[in-house]
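**Student:** My structure file work_37.pdb, PDB, C-alpha atoms, pLDDT in the B column, is below:
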```
ATOM      1  CA  MET A   1     -14.361   6.099 -15.071  1.00 49.00           C
ATOM      2  CA  ASP A   2     -12.293   7.391 -12.159  1.00 70.00           C
ATOM      3  CA  SER A   3     -15.263   7.679  -9.798  1.00 69.00           C
ATOM      4  CA  SER A   4     -16.712   4.303 -10.791  1.00 78.00           C
ATOM      5  CA  ILE A   5     -13.399   2.557 -10.128  1.00 78.00           C
ATOM      6  CA  LYS A   6     -13.061   4.247  -6.748  1.00 79.00           C
ATOM      7  CA  ASP A   7     -16.613   3.231  -5.826  1.00 79.00           C
ATOM      8  CA  GLU A   8     -15.820  -0.348  -6.810  1.00 79.00           C
ATOM      9  CA  ILE A   9     -12.615  -0.319  -4.733  1.00 80.00           C
ATOM     10  CA  LYS A  10     -14.535   0.873  -1.676  1.00 77.00           C
ATOM     11  CA  LYS A  11     -17.097  -1.917  -2.143  1.00 79.00           C
ATOM     12  CA  LYS A  12     -14.414  -4.585  -2.576  1.00 77.00           C
ATOM     13  CA  TYR A  13     -12.414  -3.572   0.461  1.00 76.00           C
ATOM     14  CA  SER A  14     -15.482  -3.071   2.635  1.00 77.00           C
ATOM     15  CA  LYS A  15     -16.412  -6.658   1.746  1.00 76.00           C
ATOM     16  CA  ILE A  16     -12.957  -7.854   2.827  1.00 75.00           C
ATOM     17  CA  VAL A  17     -13.529  -6.338   6.274  1.00 70.00           C
ATOM     18  CA  VAL A  18     -16.894  -8.078   6.656  1.00 65.00           C
ATOM     19  CA  SER A  19     -16.351 -11.491   5.062  1.00 59.00           C
ATOM     20  CA  GLY A  20     -12.658 -11.863   4.286  1.00 58.00           C
ATOM     21  CA  ASN A  21     -10.754 -11.739   1.017  1.00 50.00           C
ATOM     22  CA  ASP A  22     -12.809 -14.320  -0.896  1.00 51.00           C
ATOM     23  CA  ASP A  23     -12.063 -12.561  -4.198  1.00 52.00           C
ATOM     24  CA  CYS A  24      -8.310 -12.716  -3.506  1.00 48.00           C
ATOM     25  CA  CYS A  25      -7.765  -9.013  -4.151  1.00 52.00           C
ATOM     26  CA  CYS A  26      -4.053  -8.190  -4.272  1.00 56.00           C
ATOM     27  CA  MET A  27      -3.031 -11.482  -2.693  1.00 52.00           C
ATOM     28  CA  PRO A  28       0.508 -12.796  -3.248  1.00 53.00           C
ATOM     29  CA  GLY A  29      -0.520 -16.369  -4.080  1.00 48.00           C
ATOM     30  CA  GLU A  30      -3.140 -18.426  -5.830  1.00 45.00           C
ATOM     31  CA  CYS A  31      -6.706 -17.948  -4.643  1.00 44.00           C
ATOM     32  CA  ASP A  32      -7.184 -21.663  -4.006  1.00 45.00           C
ATOM     33  CA  SER A  33      -3.874 -22.146  -2.191  1.00 47.00           C
ATOM     34  CA  GLY A  34      -5.549 -22.348   1.207  1.00 48.00           C
ATOM     35  CA  ASP A  35      -3.038 -19.941   2.746  1.00 61.00           C
ATOM     36  CA  SER A  36      -4.260 -18.134   5.833  1.00 72.00           C
ATOM     37  CA  PRO A  37      -3.893 -14.339   5.889  1.00 77.00           C
ATOM     38  CA  ILE A  38      -0.811 -14.629   8.096  1.00 79.00           C
ATOM     39  CA  ASP A  39       0.733 -17.269   5.792  1.00 80.00           C
ATOM     40  CA  ALA A  40       0.055 -15.079   2.764  1.00 79.00           C
ATOM     41  CA  THR A  41       1.662 -12.139   4.538  1.00 86.00           C
ATOM     42  CA  LYS A  42       4.762 -14.151   5.403  1.00 84.00           C
ATOM     43  CA  LEU A  43       5.132 -15.053   1.712  1.00 83.00           C
ATOM     44  CA  ILE A  44       5.853 -11.425   0.843  1.00 88.00           C
ATOM     45  CA  GLY A  45       8.518 -10.911   3.491  1.00 90.00           C
ATOM     46  CA  TYR A  46       6.878 -10.140   6.818  1.00 93.00           C
ATOM     47  CA  ASP A  47       8.489 -11.529   9.961  1.00 92.00           C
ATOM     48  CA  GLN A  48       6.481 -14.122  11.898  1.00 89.00           C
ATOM     49  CA  LYS A  49       7.435 -12.809  15.343  1.00 92.00           C
ATOM     50  CA  GLU A  50       6.645  -9.229  14.396  1.00 94.00           C
ATOM     51  CA  LEU A  51       3.246 -10.301  13.068  1.00 93.00           C
ATOM     52  CA  GLU A  52       2.513 -12.061  16.345  1.00 92.00           C
ATOM     53  CA  SER A  53       3.141  -8.787  18.193  1.00 94.00           C
ATOM     54  CA  ILE A  54       0.234  -6.885  16.599  1.00 96.00           C
ATOM     55  CA  PRO A  55      -3.570  -7.347  16.589  1.00 95.00           C
ATOM     56  CA  GLN A  56      -4.252 -10.394  14.414  1.00 93.00           C
ATOM     57  CA  GLU A  57      -7.404  -8.786  12.994  1.00 93.00           C
ATOM     58  CA  ALA A  58      -5.106  -6.288  11.249  1.00 94.00           C
ATOM     59  CA  ILE A  59      -3.625  -9.033   9.044  1.00 92.00           C
ATOM     60  CA  LEU A  60      -5.782  -9.425   5.928  1.00 89.00           C
ATOM     61  CA  GLY A  61      -3.323 -11.281   3.689  1.00 84.00           C
ATOM     62  CA  VAL A  62      -3.193  -8.602   0.995  1.00 84.00           C
ATOM     63  CA  GLY A  63      -0.132  -6.940  -0.490  1.00 88.00           C
ATOM     64  CA  CYS A  64       2.810  -7.637  -2.784  1.00 90.00           C
ATOM     65  CA  GLY A  65       5.823  -6.832  -0.608  1.00 92.00           C
ATOM     66  CA  ALA A  66       6.993  -5.667   2.799  1.00 95.00           C
ATOM     67  CA  PRO A  67       8.210  -2.076   2.385  1.00 96.00           C
ATOM     68  CA  ILE A  68       8.440  -1.592   6.136  1.00 96.00           C
ATOM     69  CA  ASN A  69      11.461  -3.929   6.108  1.00 96.00           C
ATOM     70  CA  HIS A  70      13.399  -1.320   4.114  1.00 97.00           C
ATOM     71  CA  THR A  71      12.180   1.909   5.710  1.00 97.00           C
ATOM     72  CA  GLN A  72      14.636   1.924   8.643  1.00 97.00           C
ATOM     73  CA  LEU A  73      12.276   3.751  10.947  1.00 98.00           C
ATOM     74  CA  LYS A  74      13.777   5.452  13.972  1.00 98.00           C
ATOM     75  CA  GLU A  75      12.435   6.413  17.374  1.00 98.00           C
ATOM     76  CA  GLY A  76      10.568   9.721  17.272  1.00 98.00           C
ATOM     77  CA  GLU A  77       9.859   9.736  13.530  1.00 98.00           C
ATOM     78  CA  THR A  78       6.480  10.304  11.876  1.00 98.00           C
ATOM     79  CA  VAL A  79       5.523   7.633   9.341  1.00 98.00           C
ATOM     80  CA  VAL A  80       2.467   7.525   7.073  1.00 98.00           C
ATOM     81  CA  ASP A  81       0.952   4.437   5.420  1.00 98.00           C
ATOM     82  CA  LEU A  82      -1.110   5.048   2.284  1.00 98.00           C
ATOM     83  CA  GLY A  83      -4.011   2.617   1.983  1.00 95.00           C
ATOM     84  CA  SER A  84      -3.530   1.447   5.553  1.00 96.00           C
ATOM     85  CA  GLY A  85      -6.402  -1.057   5.558  1.00 92.00           C
ATOM     86  CA  ALA A  86      -6.920  -2.754   8.919  1.00 94.00           C
ATOM     87  CA  GLY A  87      -3.614  -1.335  10.173  1.00 96.00           C
ATOM     88  CA  ILE A  88      -0.951  -4.041   9.788  1.00 96.00           C
ATOM     89  CA  ASP A  89       1.904  -1.748   8.708  1.00 97.00           C
ATOM     90  CA  ILE A  90       0.894   1.058  11.027  1.00 98.00           C
ATOM     91  CA  PHE A  91       1.014  -1.204  14.074  1.00 98.00           C
ATOM     92  CA  LEU A  92       4.393  -2.589  13.020  1.00 98.00           C
ATOM     93  CA  ALA A  93       5.652   0.954  12.405  1.00 98.00           C
ATOM     94  CA  ALA A  94       4.323   2.186  15.747  1.00 98.00           C
ATOM     95  CA  ARG A  95       6.566  -0.321  17.528  1.00 96.00           C
ATOM     96  CA  LYS A  96       9.596   1.130  15.721  1.00 97.00           C
ATOM     97  CA  VAL A  97       8.976   4.868  16.170  1.00 98.00           C
ATOM     98  CA  LEU A  98       7.830   4.314  19.785  1.00 97.00           C
ATOM     99  CA  ASP A  99       5.685   6.701  21.820  1.00 95.00           C
ATOM    100  CA  SER A 100       7.777   9.722  20.872  1.00 97.00           C
ATOM    101  CA  GLY A 101       6.942   9.094  17.219  1.00 98.00           C
ATOM    102  CA  LYS A 102       3.715   8.939  15.254  1.00 98.00           C
ATOM    103  CA  ALA A 103       2.242   6.345  12.881  1.00 98.00           C
ATOM    104  CA  ILE A 104      -0.604   7.632  10.693  1.00 98.00           C
ATOM    105  CA  GLY A 105      -2.743   5.495   8.411  1.00 98.00           C
ATOM    106  CA  ILE A 106      -4.620   6.958   5.433  1.00 98.00           C
ATOM    107  CA  ASP A 107      -7.521   5.101   3.838  1.00 96.00           C
ATOM    108  CA  MET A 108     -10.636   6.072   1.869  1.00 92.00           C
ATOM    109  CA  THR A 109     -12.823   3.132   2.954  1.00 91.00           C
ATOM    110  CA  ASP A 110     -14.984   3.780   6.019  1.00 93.00           C
ATOM    111  CA  ASP A 111     -15.223   0.115   7.009  1.00 91.00           C
ATOM    112  CA  MET A 112     -11.438  -0.278   6.889  1.00 92.00           C
ATOM    113  CA  LEU A 113     -10.959   2.837   8.992  1.00 96.00           C
ATOM    114  CA  GLN A 114     -13.439   1.592  11.566  1.00 95.00           C
ATOM    115  CA  LYS A 115     -11.708  -1.796  11.736  1.00 95.00           C
ATOM    116  CA  ALA A 116      -8.280  -0.200  12.055  1.00 96.00           C
ATOM    117  CA  ARG A 117      -9.431   2.101  14.850  1.00 97.00           C
ATOM    118  CA  GLU A 118     -10.958  -0.862  16.686  1.00 96.00           C
ATOM    119  CA  ASN A 119      -7.661  -2.722  16.358  1.00 96.00           C
ATOM    120  CA  ALA A 120      -5.730   0.301  17.653  1.00 97.00           C
ATOM    121  CA  LYS A 121      -8.003   0.524  20.664  1.00 96.00           C
ATOM    122  CA  LYS A 122      -7.653  -3.186  21.431  1.00 93.00           C
ATOM    123  CA  GLY A 123      -3.890  -3.015  21.090  1.00 95.00           C
ATOM    124  CA  ASN A 124      -3.566   0.228  23.063  1.00 95.00           C
ATOM    125  CA  TYR A 125      -1.472   2.218  20.601  1.00 96.00           C
ATOM    126  CA  PRO A 126      -1.142   5.812  21.880  1.00 94.00           C
ATOM    127  CA  ASN A 127       1.009   6.883  18.921  1.00 97.00           C
ATOM    128  CA  VAL A 128      -1.347   5.678  16.160  1.00 98.00           C
ATOM    129  CA  GLU A 129      -3.951   7.640  14.197  1.00 98.00           C
ATOM    130  CA  PHE A 130      -6.104   6.779  11.189  1.00 98.00           C
ATOM    131  CA  LYS A 131      -7.415   9.452   8.810  1.00 98.00           C
ATOM    132  CA  LYS A 132      -9.795   9.314   5.858  1.00 97.00           C
ATOM    133  CA  GLY A 133      -8.349  10.580   2.616  1.00 96.00           C
ATOM    134  CA  ASP A 134      -8.020  10.090  -1.134  1.00 94.00           C
ATOM    135  CA  ILE A 135      -4.281   9.738  -1.683  1.00 96.00           C
ATOM    136  CA  GLU A 136      -4.310  11.049  -5.269  1.00 94.00           C
ATOM    137  CA  GLU A 137      -6.377  14.150  -4.436  1.00 93.00           C
ATOM    138  CA  ASN A 138      -5.447  15.317  -0.952  1.00 95.00           C
ATOM    139  CA  ILE A 139      -3.603  13.459   1.794  1.00 98.00           C
ATOM    140  CA  PRO A 140      -4.953  15.162   4.951  1.00 98.00           C
ATOM    141  CA  LEU A 141      -1.538  16.197   6.298  1.00 98.00           C
ATOM    142  CA  ASN A 142       0.527  19.379   6.186  1.00 98.00           C
ATOM    143  CA  ASP A 143       3.357  20.076   3.750  1.00 98.00           C
ATOM    144  CA  ASN A 144       6.834  18.917   4.822  1.00 98.00           C
ATOM    145  CA  SER A 145       5.482  17.199   7.918  1.00 98.00           C
ATOM    146  CA  VAL A 146       6.493  13.508   7.809  1.00 98.00           C
ATOM    147  CA  ASP A 147       9.754  11.565   7.794  1.00 98.00           C
ATOM    148  CA  ALA A 148       8.650   8.479   5.883  1.00 98.00           C
ATOM    149  CA  VAL A 149       5.788   7.273   3.679  1.00 98.00           C
ATOM    150  CA  ILE A 150       5.083   3.592   3.068  1.00 98.00           C
ATOM    151  CA  SER A 151       2.475   1.808   0.962  1.00 97.00           C
ATOM    152  CA  ASN A 152       1.842  -1.813   0.055  1.00 96.00           C
ATOM    153  CA  CYS A 153       0.260  -2.535  -3.332  1.00 92.00           C
ATOM    154  CA  VAL A 154      -2.077   0.473  -3.195  1.00 93.00           C
ATOM    155  CA  ILE A 155      -0.826   3.174  -5.555  1.00 94.00           C
ATOM    156  CA  ASN A 156      -1.567   0.909  -8.529  1.00 90.00           C
ATOM    157  CA  LEU A 157      -5.241   1.233  -7.529  1.00 90.00           C
ATOM    158  CA  THR A 158      -5.184   4.975  -8.174  1.00 91.00           C
ATOM    159  CA  THR A 159      -6.254   6.372 -11.534  1.00 88.00           C
ATOM    160  CA  ASN A 160      -3.668   9.173 -11.490  1.00 93.00           C
ATOM    161  CA  LYS A 161      -0.445   7.822 -10.050  1.00 95.00           C
ATOM    162  CA  THR A 162       1.574  10.988 -10.663  1.00 97.00           C
ATOM    163  CA  ASN A 163      -0.887  12.932  -8.510  1.00 97.00           C
ATOM    164  CA  ALA A 164      -0.524  10.354  -5.734  1.00 97.00           C
ATOM    165  CA  PHE A 165       3.263  10.681  -5.826  1.00 98.00           C
ATOM    166  CA  LYS A 166       2.981  14.482  -5.850  1.00 98.00           C
ATOM    167  CA  GLU A 167       0.964  14.253  -2.642  1.00 98.00           C
ATOM    168  CA  VAL A 168       3.642  12.036  -1.107  1.00 98.00           C
ATOM    169  CA  PHE A 169       6.327  14.512  -2.167  1.00 98.00           C
ATOM    170  CA  ARG A 170       4.319  17.380  -0.663  1.00 98.00           C
ATOM    171  CA  ILE A 171       3.952  15.862   2.809  1.00 98.00           C
ATOM    172  CA  LEU A 172       7.517  14.555   3.100  1.00 98.00           C
ATOM    173  CA  LYS A 173      10.173  16.626   4.823  1.00 98.00           C
ATOM    174  CA  ASN A 174      13.334  17.399   2.878  1.00 97.00           C
ATOM    175  CA  ASN A 175      15.403  14.191   2.769  1.00 97.00           C
ATOM    176  CA  GLY A 176      12.326  12.232   3.818  1.00 98.00           C
ATOM    177  CA  ARG A 177      11.871   8.859   2.148  1.00 98.00           C
ATOM    178  CA  MET A 178       9.117   6.948   0.407  1.00 98.00           C
ATOM    179  CA  VAL A 179       9.337   3.138   0.453  1.00 98.00           C
ATOM    180  CA  ILE A 180       6.561   1.323  -1.388  1.00 98.00           C
ATOM    181  CA  SER A 181       5.751  -2.057  -2.870  1.00 96.00           C
ATOM    182  CA  ASP A 182       3.613  -2.255  -5.970  1.00 95.00           C
ATOM    183  CA  LEU A 183       2.851  -4.205  -9.132  1.00 94.00           C
ATOM    184  CA  ILE A 184       4.043  -3.498 -12.648  1.00 94.00           C
ATOM    185  CA  THR A 185       3.234  -5.143 -15.978  1.00 93.00           C
ATOM    186  CA  ASP A 186       5.009  -5.877 -19.217  1.00 91.00           C
ATOM    187  CA  GLN A 187       2.023  -4.556 -21.161  1.00 89.00           C
ATOM    188  CA  GLU A 188      -0.466  -1.845 -20.214  1.00 87.00           C
ATOM    189  CA  LEU A 189      -4.131  -1.936 -21.174  1.00 78.00           C
ATOM    190  CA  SER A 190      -5.976   0.623 -23.255  1.00 75.00           C
ATOM    191  CA  VAL A 191      -8.979   2.363 -21.704  1.00 75.00           C
ATOM    192  CA  ASP A 192     -11.478   0.153 -23.536  1.00 76.00           C
ATOM    193  CA  GLN A 193      -9.753  -3.012 -22.243  1.00 77.00           C
ATOM    194  CA  ILE A 194      -9.952  -2.101 -18.566  1.00 74.00           C
ATOM    195  CA  ASN A 195     -12.119  -4.223 -16.288  1.00 70.00           C
ATOM    196  CA  SER A 196     -13.074  -2.544 -13.000  1.00 66.00           C
ATOM    197  CA  ASP A 197     -12.950  -5.846 -11.085  1.00 68.00           C
ATOM    198  CA  LYS A 198      -9.419  -6.551 -12.307  1.00 69.00           C
ATOM    199  CA  TRP A 199      -8.436  -2.977 -11.501  1.00 65.00           C
ATOM    200  CA  CYS A 200      -9.604  -3.558  -7.919  1.00 64.00           C
ATOM    201  CA  GLU A 201      -7.483  -6.710  -7.842  1.00 66.00           C
ATOM    202  CA  CYS A 202      -4.363  -4.590  -8.533  1.00 69.00           C
ATOM    203  CA  ILE A 203      -3.997  -5.874 -12.106  1.00 81.00           C
ATOM    204  CA  ASP A 204      -5.611  -3.652 -14.745  1.00 77.00           C
ATOM    205  CA  GLY A 205      -4.258  -0.414 -13.258  1.00 83.00           C
ATOM    206  CA  ALA A 206      -0.645  -1.634 -13.334  1.00 88.00           C
ATOM    207  CA  LEU A 207       1.873   0.340 -15.397  1.00 93.00           C
ATOM    208  CA  THR A 208       5.114  -0.761 -17.025  1.00 95.00           C
ATOM    209  CA  LYS A 209       8.225  -0.261 -14.892  1.00 96.00           C
ATOM    210  CA  GLU A 210       9.331   2.597 -17.146  1.00 97.00           C
ATOM    211  CA  ASN A 211       6.024   4.447 -16.844  1.00 96.00           C
ATOM    212  CA  TYR A 212       5.742   3.777 -13.101  1.00 97.00           C
ATOM    213  CA  LEU A 213       9.183   5.247 -12.442  1.00 98.00           C
ATOM    214  CA  SER A 214       8.327   8.136 -14.770  1.00 98.00           C
ATOM    215  CA  CYS A 215       5.341   8.967 -12.545  1.00 97.00           C
ATOM    216  CA  ILE A 216       7.636   9.067  -9.499  1.00 98.00           C
ATOM    217  CA  ARG A 217      10.099  11.351 -11.291  1.00 98.00           C
ATOM    218  CA  GLY A 218       7.226  13.509 -12.514  1.00 97.00           C
ATOM    219  CA  ALA A 219       6.253  14.152  -8.904  1.00 98.00           C
ATOM    220  CA  GLY A 220       9.672  15.619  -8.141  1.00 97.00           C
ATOM    221  CA  PHE A 221      11.664  12.650  -6.826  1.00 97.00           C
ATOM    222  CA  GLU A 222      15.198  12.278  -8.177  1.00 90.00           C
ATOM    223  CA  LYS A 223      16.883   9.688  -5.959  1.00 96.00           C
ATOM    224  CA  ILE A 224      14.986   6.499  -6.861  1.00 98.00           C
ATOM    225  CA  ASP A 225      16.161   2.934  -6.201  1.00 98.00           C
ATOM    226  CA  ILE A 226      14.543  -0.434  -6.907  1.00 98.00           C
ATOM    227  CA  LEU A 227      15.255  -2.539  -3.816  1.00 97.00           C
ATOM    228  CA  GLU A 228      13.439  -5.710  -4.860  1.00 95.00           C
ATOM    229  CA  GLN A 229      11.865  -7.123  -8.005  1.00 94.00           C
ATOM    230  CA  ARG A 230      10.239 -10.515  -8.318  1.00 91.00           C
ATOM    231  CA  ALA A 231       7.594 -12.365 -10.284  1.00 88.00           C
ATOM    232  CA  TYR A 232       4.017 -12.094  -9.024  1.00 84.00           C
ATOM    233  CA  MET A 233       1.771 -15.180  -8.728  1.00 75.00           C
ATOM    234  CA  ASP A 234       4.813 -17.437  -9.347  1.00 72.00           C
ATOM    235  CA  GLY A 235       5.365 -15.777 -12.712  1.00 72.00           C
ATOM    236  CA  LYS A 236       2.119 -16.994 -14.263  1.00 74.00           C
ATOM    237  CA  LYS A 237       0.677 -14.638 -16.839  1.00 78.00           C
ATOM    238  CA  ILE A 238      -2.581 -12.921 -15.891  1.00 75.00           C
ATOM    239  CA  ASN A 239      -4.850 -12.236 -18.853  1.00 76.00           C
ATOM    240  CA  GLY A 240      -1.829 -12.614 -21.117  1.00 81.00           C
ATOM    241  CA  ARG A 241       0.365 -10.187 -19.213  1.00 86.00           C
ATOM    242  CA  LYS A 242       3.362 -10.758 -16.995  1.00 91.00           C
ATOM    243  CA  ILE A 243       3.026  -9.064 -13.606  1.00 91.00           C
ATOM    244  CA  SER A 244       5.951  -8.328 -11.280  1.00 93.00           C
ATOM    245  CA  SER A 245       6.216  -6.806  -7.826  1.00 93.00           C
ATOM    246  CA  LEU A 246       8.677  -4.074  -6.925  1.00 96.00           C
ATOM    247  CA  VAL A 247       9.880  -2.454  -3.737  1.00 97.00           C
ATOM    248  CA  ILE A 248      10.979   1.104  -4.521  1.00 98.00           C
ATOM    249  CA  LYS A 249      12.671   3.735  -2.385  1.00 98.00           C
ATOM    250  CA  ALA A 250      12.720   7.426  -3.282  1.00 98.00           C
ATOM    251  CA  ILE A 251      14.176  10.396  -1.382  1.00 98.00           C
ATOM    252  CA  LYS A 252      12.793  13.935  -1.450  1.00 97.00           C
TER     253      LYS A 252
END
```
Represent the structure from my file as structure tokens, please.

**Tutor:**
Amino acid sequence: MDSSIKDEIKKKYSKIVVSGNDDCCCMPGECDSGDSPIDATKLIGYDQKELESIPQEAILGVGCGAPINHTQLKEGETVVDLGSGAGIDIFLAARKVLDSGKAIGIDMTDDMLQKARENAKKGNYPNVEFKKGDIEENIPLNDNSVDAVISNCVINLTTNKTNAFKEVFRILKNNGRMVISDLITDQELSVDQINSDKWCECIDGALTKENYLSCIRGAGFEKIDILEQRAYMDGKKINGRKISSLVIKAIK
């Protein structure tokens, strides 16, 4: 099942690059709301002026929070975005760490990586790099090498979340921080209930808050704080389950 879900995720997100997010994968609002990608992104906490400062092609309207608002990036730091897509958070981060720092995006979808690299070239970002990698198997970075890791509604797409958090723990320096947004549910699905399409839409792979935090602790993190929690999709139940979005910070 793991490989089939990953193949489906790659197909879905490749399609988003080519034709837009018609399936409304991991969007913060209703599919028929008519929100533009930038409007959808503002709904989850991004700043309008900051969005105007980056390549507009990097804004796809996906996500469930704005972890970069809580990361407190400093000049000269190295920051990594897991599931970097077309590059929105990397380009915002690059402006905070400046040329003496480094912003590295990790994604497993070739079309997304190509789009992100095109956006970086257009925007002339000397401190940006995009790498291909599976975040739950091997993030292509050295141990103890980065100051901060961010991710926006991506870890719920993995089939082994503890492994993903272990990889984050591995690459972070001591006292480095992870700040992520993600979705949780009030009721998890059994294996025979899982729908691969809904998994790709950030729904069927969601864990309860208790189990999600347990995965983070299981990776070695001890200092864990929930910075934000709010209802997802205006609190409407999805397939009988209540979905919420969290922003979580954890220190190595």

**Student:** So, with all atoms listed in the file as the atoms that count, which of A:Thr208, A:Ser145, A:Thr78, A:Thr185 lies closest to Asn239 in chain A?

**Tutor:**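 Among the listed residues, the smallest separation from Asn239 in chain A belongs to A:Thr185.
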
**Student:** What does the distance between CA of Thr158 in chain A and CA of Lys236 in chain A come to in Å, to one decimal place?

**Tutor:**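 Between CA of Thr158 in chain A and CA of Lys236 in chain A the gap is 23.9 Å.
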
**Student:** Report, in Å to a single decimal, how far apart CA of Met108 in chain A and CA of Lys131 in chain A are.

**Tutor:**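 These two atoms are separated by 8.4 Å.
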
**Student:** Name every residue that the PyMOL selection byres ((chain A and resi 218) around 10) selects in this structure, writing the answer as an MDAnalysis selection string with chains first and numbers rising.

**Tutor:** chainID A and resid 161:163 165:166 212:217 219:222

**Student:** For this structure, which residues satisfy the selection - the PyMOL selection byres ((chain A and resi 175-184) around 9) - when it is evaluated on the file as given? I want them as a PyMOL selection string.

**Tutor:** chain A and resi 63-68+70-71+144+146-156+168-169+172-174+185-188+202-203+205-209+212+228+232+242-252

**Student:** Which residues, written as a PDB file with C-alpha atoms, in the frame of the given file, have at least one atom at most 12 Å from Glu50 in chain A, with all atoms listed in the file counted and residues fewer than 2 positions away on the same chain left out?

**Tutor:**
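Written output follows (part-v5.pdb):
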```pdb
ATOM      1  CA  ILE A  38      -0.811 -14.629   8.096  1.00 79.00           C
ATOM      2  CA  THR A  41       1.662 -12.139   4.538  1.00 86.00           C
ATOM      3  CA  LYS A  42       4.762 -14.151   5.403  1.00 84.00           C
ATOM      4  CA  GLY A  45       8.518 -10.911   3.491  1.00 90.00           C
ATOM      5  CA  TYR A  46       6.878 -10.140   6.818  1.00 93.00           C
ATOM      6  CA  ASP A  47       8.489 -11.529   9.961  1.00 92.00           C
ATOM      7  CA  GLN A  48       6.481 -14.122  11.898  1.00 89.00           C
ATOM      8  CA  GLU A  52       2.513 -12.061  16.345  1.00 92.00           C
ATOM      9  CA  SER A  53       3.141  -8.787  18.193  1.00 94.00           C
ATOM     10  CA  ILE A  54       0.234  -6.885  16.599  1.00 96.00           C
ATOM     11  CA  PRO A  55      -3.570  -7.347  16.589  1.00 95.00           C
ATOM     12  CA  GLN A  56      -4.252 -10.394  14.414  1.00 93.00           C
ATOM     13  CA  ILE A  59      -3.625  -9.033   9.044  1.00 92.00           C
ATOM     14  CA  ILE A  68       8.440  -1.592   6.136  1.00 96.00           C
ATOM     15  CA  ASN A  69      11.461  -3.929   6.108  1.00 96.00           C
ATOM     16  CA  ILE A  88      -0.951  -4.041   9.788  1.00 96.00           C
ATOM     17  CA  ASP A  89       1.904  -1.748   8.708  1.00 97.00           C
ATOM     18  CA  PHE A  91       1.014  -1.204  14.074  1.00 98.00           C
ATOM     19  CA  LEU A  92       4.393  -2.589  13.020  1.00 98.00           C
ATOM     20  CA  ALA A  93       5.652   0.954  12.405  1.00 98.00           C
ATOM     21  CA  ALA A  94       4.323   2.186  15.747  1.00 98.00           C
ATOM     22  CA  ARG A  95       6.566  -0.321  17.528  1.00 96.00           C
ATOM     23  CA  LYS A  96       9.596   1.130  15.721  1.00 97.00           C
TER      24      LYS A  96
END
```

**Student:** Which polymer residues have any atom within 10 Å of an atom of Gln114 in chain A, counting all atoms listed in the file, with same-chain residues fewer than 6 positions away left out, as a PyMOL selection string?

**Tutor:** chain A and resi 17+85-86+120+130

**Student:** Using CA of Asp99 in chain A and CA of Asn119 in chain A as the two end points, give the distance in Å to one decimal.

**Tutor:**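 That distance, rounded to one decimal, is 17.2 Å.
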
**Student:** Around all of range 121-125 of chain A's listed atoms, make the axis-aligned box with 3 Å on each side and tell me centre and edge lengths in Å to one decimal, as AutoDock Vina command-line options.

**Tutor:**
```
--center_x -4.7 --center_y -0.5 --center_z 21.8 --size_x 12.5 --size_y 11.4 --size_z 8.5
```

**Student:** Name every residue that the PyMOL selection byres ((chain A and resi 81) around 8) selects in this structure, writing the answer as a PyMOL selection string with chains first and numbers rising.

**Tutor:** chain A and resi 79-80+82-84+89-90+103-106+149-151

**Student:** Considering all atoms listed in the file, state which residue in the set A:Lys10, A:Arg170, A:Arg241, A:Lys74 is at the smallest distance from Leu113 in chain A.

**Tutor:** A:Lys10

**Student:** For Gly133 in chain A, find every residue with an atom within 9 Å (counting only C-alpha atoms), except residues of its own chain fewer than 2 positions away, and show them as a JSON list (two decimals) with C-alpha atoms, in the frame of the given file.

**Tutor:**
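The resulting file, out.json, is shown below:
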```
[["chain", "number", "residue", "atom", "x", "y", "z"],
["A", 106, "ILE", "CA", -4.62, 6.96, 5.43],
["A", 107, "ASP", "CA", -7.52, 5.10, 3.84],
["A", 108, "MET", "CA", -10.64, 6.07, 1.87],
["A", 109, "THR", "CA", -12.82, 3.13, 2.95],
["A", 131, "LYS", "CA", -7.42, 9.45, 8.81],
["A", 135, "ILE", "CA", -4.28, 9.74, -1.68],
["A", 136, "GLU", "CA", -4.31, 11.05, -5.27],
["A", 137, "GLU", "CA", -6.38, 14.15, -4.44],
["A", 138, "ASN", "CA", -5.45, 15.32, -0.95],
["A", 139, "ILE", "CA", -3.60, 13.46, 1.79],
["A", 140, "PRO", "CA", -4.95, 15.16, 4.95]]
```
